[in-house]
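Data first, discussion second: the structure below is written as structure tokens.
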Amino acid sequence: MTVLTMTNQLAERHNVLFLLRSHNDIDHIVPIIWKCIEENMKCYYLFTESDHSADHRIKFIGIKGAIRIHSRAIWVYHRFFRQCLLADKVRNVLDMIVGWTMGRHLLDRRSIEIIVTEWSGRSGRGQAKYILAPAFRKHLPIYSVPHGYNIYTNLDINKTVTEYRKKTGKWPDFSARNSFTRYVVQTDATQRFCEAYGIKKSKLEVLGSARFCREWMQVNREVFTSDVEDCISTYSCKIVFFLPQWDYNVDREACYRLILLLSEMKDVLIRLKGSTREISGLYESEQRDLVNVANVVFSNNNTSPSLIEWSDLVINFASSIGLEAVMQDKPILNPQYLHSNETIFDNSGVTIDCGNSDVVLEEVLKFKENGIAHAHKSDQKTFYKRFIQGSNSDKDVLGKYVRLIKGAV
């Protein structure tokens, strides 16, 4: 490599700061960080709420060259001093001052040129507000990228949205998100969702799923270590049952009854896994009822990819983790009768749709006796192109994110 080539590459290098708040951000944004590093971008990251430095993916991007930054002054203000402020007006003024001083200093010190943050409003969440405010003031490019995957194709996805719609006659207002340089979604369906909520079509980019695309799945498998001990080997059918967020139009009683019915089946072991988000899991009374059931195990401390890898059969109807099961080529039961939403899995060919509990039990019995046929390859290909690749001819999902961040899209 010539000195001129090296000089040109360094001149073209972009300094980009990624704001990471939750486990979901790590899931969906770390693949983008890795790809940006691979494309010679200088990547910084900042935890805006919780410290996830022990996560294997954070360690991985650190080895690759991502640099963690932190402002102790901002952290002390946000964590301690701000909590003592009772008046909202005073709090808002001080937030602005902290952002325009401490936040701007952090950006200037690292010569940050680009910001990438999670799906959120203009002010972000947690400590992100102190970074986003000066970044907007400096007119830096700011990209809002997925911290999750919206599997729903209807707009009234949960109680909050439904109640807001009844009260106002309108959908929630996301128009403030038009402040971002671009607001990224994975699919055309989510683009229509965002448009209905007030985000301009010109601000939206459909780029596919960084989390579930083949390139990242392969990389993640290389750094991923299973955390599920297969200590019980006497069962002929091992099921992982992913619990939903209950306020997403779910029939909670019917869901619990299905778990009980499954627990009565012979030679079936069930691992229950709650959502990483709020409003999931079982009531304490429900847990007490199940704790002494020998073939039901609570697995909230295990990672979902590990549980899917361990399982013979996946039951999922209201979580994007079903995409992980699709990519691992696992048989998936979709008991769609347990909620009133419509999802990308319904009638997709990559899951077995179940209209009632009898069908679920029948399919489990079929698996025990003969195994369940996996999805047809043509269905998997169509599903991948539409819901993971992003419905266009460019298969390079992570490359599309990099080109957007560099300003080439």
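By order in the structure tokens, chains are A, B, ...; within a chain, residues start at 1; ligands start at 1, following the order shown.
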Produce a table with one row for each residue of segment 226-321 of chain A that has an atom at most 9 Å from any atom of segment 351-374 of chain A, each row naming the nearest atom pair and its distance in Å at one decimal; use only C-alpha atoms; arrange rows by chain and rising residue number; format as CSV.
```
residue,atom,partner,partner_atom,distance
A:Ser236,CA,A:Lys368,CA,6.5
A:Cys237,CA,A:Lys368,CA,6.2
A:Ala254,CA,A:Ser357,CA,8.6
A:Arg257,CA,A:Ser357,CA,8.7
A:Leu258,CA,A:Ser357,CA,6.3
A:Leu261,CA,A:Leu361,CA,8.0
A:Leu262,CA,A:Leu361,CA,7.0
A:Met265,CA,A:Leu361,CA,8.5
A:Asp267,CA,A:Lys368,CA,8.6
A:Val268,CA,A:Lys368,CA,8.7
A:Asp312,CA,A:Phe367,CA,8.8
A:Leu313,CA,A:Val364,CA,8.3
```
Kindly export the residues of the current selection with C-alpha atoms, as a PDB file, in the first residue's frame.
```
ATOM      1  CA  SER A 236     -37.926 -36.762  23.425  1.00  0.00           C
ATOM      2  CA  CYS A 237     -39.064 -33.220  22.652  1.00  0.00           C
ATOM      3  CA  ALA A 254     -55.225 -18.672  26.990  1.00  0.00           C
ATOM      4  CA  ARG A 257     -53.551 -22.535  29.710  1.00  0.00           C
ATOM      5  CA  LEU A 258     -51.478 -23.614  26.713  1.00  0.00           C
ATOM      6  CA  LEU A 261     -51.515 -28.265  28.583  1.00  0.00           C
ATOM      7  CA  LEU A 262     -48.023 -28.678  27.190  1.00  0.00           C
ATOM      8  CA  MET A 265     -47.582 -34.054  27.755  1.00  0.00           C
ATOM      9  CA  ASP A 267     -41.578 -36.747  27.333  1.00  0.00           C
ATOM     10  CA  VAL A 268     -41.820 -33.005  26.664  1.00  0.00           C
ATOM     11  CA  ASP A 312     -36.117 -29.228  19.024  1.00  0.00           C
ATOM     12  CA  LEU A 313     -39.142 -26.996  18.597  1.00  0.00           C
TER      13      LEU A 313
END
```
Counting only C-alpha atoms, what are the residues of segment 174-289 of chain A within 7 Å of segment 122-145 of chain A, and for each of them which pair of atoms is the nearest and at what distance in Å, to one decimal? Sort the table by chain and rising number, as JSON lines.
```
{"residue": "A:Ala176", "atom": "CA", "partner": "A:Arg122", "partner_atom": "CA", "distance": 6.1}
{"residue": "A:Arg177", "atom": "CA", "partner": "A:Arg122", "partner_atom": "CA", "distance": 5.7}
{"residue": "A:Ser179", "atom": "CA", "partner": "A:Arg122", "partner_atom": "CA", "distance": 6.5}
{"residue": "A:Phe180", "atom": "CA", "partner": "A:Ile142", "partner_atom": "CA", "distance": 5.5}
{"residue": "A:Thr181", "atom": "CA", "partner": "A:Ile142", "partner_atom": "CA", "distance": 5.3}
{"residue": "A:Arg182", "atom": "CA", "partner": "A:Tyr143", "partner_atom": "CA", "distance": 5.2}
{"residue": "A:Tyr183", "atom": "CA", "partner": "A:Ser144", "partner_atom": "CA", "distance": 4.9}
{"residue": "A:Val184", "atom": "CA", "partner": "A:Val145", "partner_atom": "CA", "distance": 4.9}
{"residue": "A:Val185", "atom": "CA", "partner": "A:Val145", "partner_atom": "CA", "distance": 7.0}
```
List every residue of segment 319-376 of chain A that has an atom at most 12 Å from any atom of segment 21-31 of chain A, and for each one report the closest atom pair and its distance in Å to one decimal, counting only C-alpha atoms, with rows sorted by chain and then by increasing residue number, as a Markdown table.
```
| residue | atom | partner | partner_atom | distance |
| --- | --- | --- | --- | --- |
| A:Ser320 | CA | A:Asn24 | CA | 11.2 |
| A:Ile321 | CA | A:Asp27 | CA | 10.9 |
| A:Glu324 | CA | A:Asp27 | CA | 11.5 |
```
(message) So, with only C-alpha atoms as the atoms that count, which of A:Ala87, A:Val228, A:Val402, A:Leu333 lies closest to Cys43 of chain A?
(response)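 With only C-alpha atoms as the atom set, the closest residue is A:Val402.
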(message) Would you compute the distance between atom CA of Cys255 of chain A and atom CA of Asn334 of chain A? Give it in Å to one decimal.
(response)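 The value is 12.1 Å.
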(request) Please give the complete set of residues from segment 250-351 of chain A that DSSP, run on the backbone, assigns to helix (DSSP H, G or I), formatted as an MDAnalysis selection string. (result) chainID A and resid 252:263 284:291 304:310 322:327 336:338
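The nearest approach to Tyr248 of chain A among the residues A:Leu17, A:Met102, A:Ala318, A:Leu94, with only C-alpha atoms taken into account, belongs to A:Ala318.
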(message) Could you check the closest approach to Ile37 of chain A for each of A:Ile69, A:His14, A:Gly390, A:Thr234 and tell me which residue wins, using only C-alpha atoms?
(response)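 Comparing A:Ile69, A:His14, A:Gly390, A:Thr234 against Ile37 of chain A, the winner is A:His14.
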(request) as a list in words, list the residues of segment 165-295 of chain A assigned to strand (DSSP E) by DSSP on the backbone atoms of this structure. (result)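 DSSP-assigned strand (DSSP E) residues in segment 165-295 of chain A: Arg182, Tyr183, Val184, Val185, Leu204, Glu205, Val206, Cys237, Lys238, Ile239, Val240, Phe241, Phe242, Val268, Leu269, Ile270, Arg271, Leu272 and Lys273 of chain A.
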(request) May I ask for the distance between atom CA of Leu338 of chain A and atom CA of Leu290 of chain A, given in Å to one decimal place? (result)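 If I compute the distance from atom CA of Leu338 of chain A to atom CA of Leu290 of chain A, I get 19.8 Å.
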For Gly198 of chain A, please output as a CSV table (one decimal) with C-alpha atoms, in the first residue's frame all residues within 12 Å (counting only C-alpha atoms; exclusion window: fewer than 4 positions along the same chain).
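Generated file (part_12.csv):
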```
chain,number,residue,atom,x,y,z
A,170,LYS,CA,-55.5,9.8,15.7
A,171,TRP,CA,-52.5,7.5,15.7
A,172,PRO,CA,-49.5,8.5,18.0
A,173,ASP,CA,-47.5,11.4,16.6
A,174,PHE,CA,-44.0,10.6,15.7
A,175,SER,CA,-43.5,13.7,13.6
A,176,ALA,CA,-40.7,15.0,15.8
A,177,ARG,CA,-38.6,12.1,14.5
A,178,ASN,CA,-38.4,13.9,11.2
A,179,SER,CA,-35.6,15.9,12.9
A,183,TYR,CA,-35.0,7.1,10.3
A,191,GLN,CA,-42.2,2.1,6.7
A,192,ARG,CA,-46.0,2.3,6.2
A,193,PHE,CA,-46.4,2.0,10.0
A,194,CYS,CA,-44.1,5.0,10.5
A,202,SER,CA,-38.4,11.2,2.5
A,203,LYS,CA,-36.9,10.6,6.0
A,204,LEU,CA,-37.4,6.8,6.0
```
(request) For atom CA of Phe18 of chain A and atom CA of Asp108 of chain A, determine how far apart the two atoms are, in Å to one decimal place. (result)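 So the two atoms, atom CA of Phe18 of chain A and atom CA of Asp108 of chain A, lie 15.1 Å apart.
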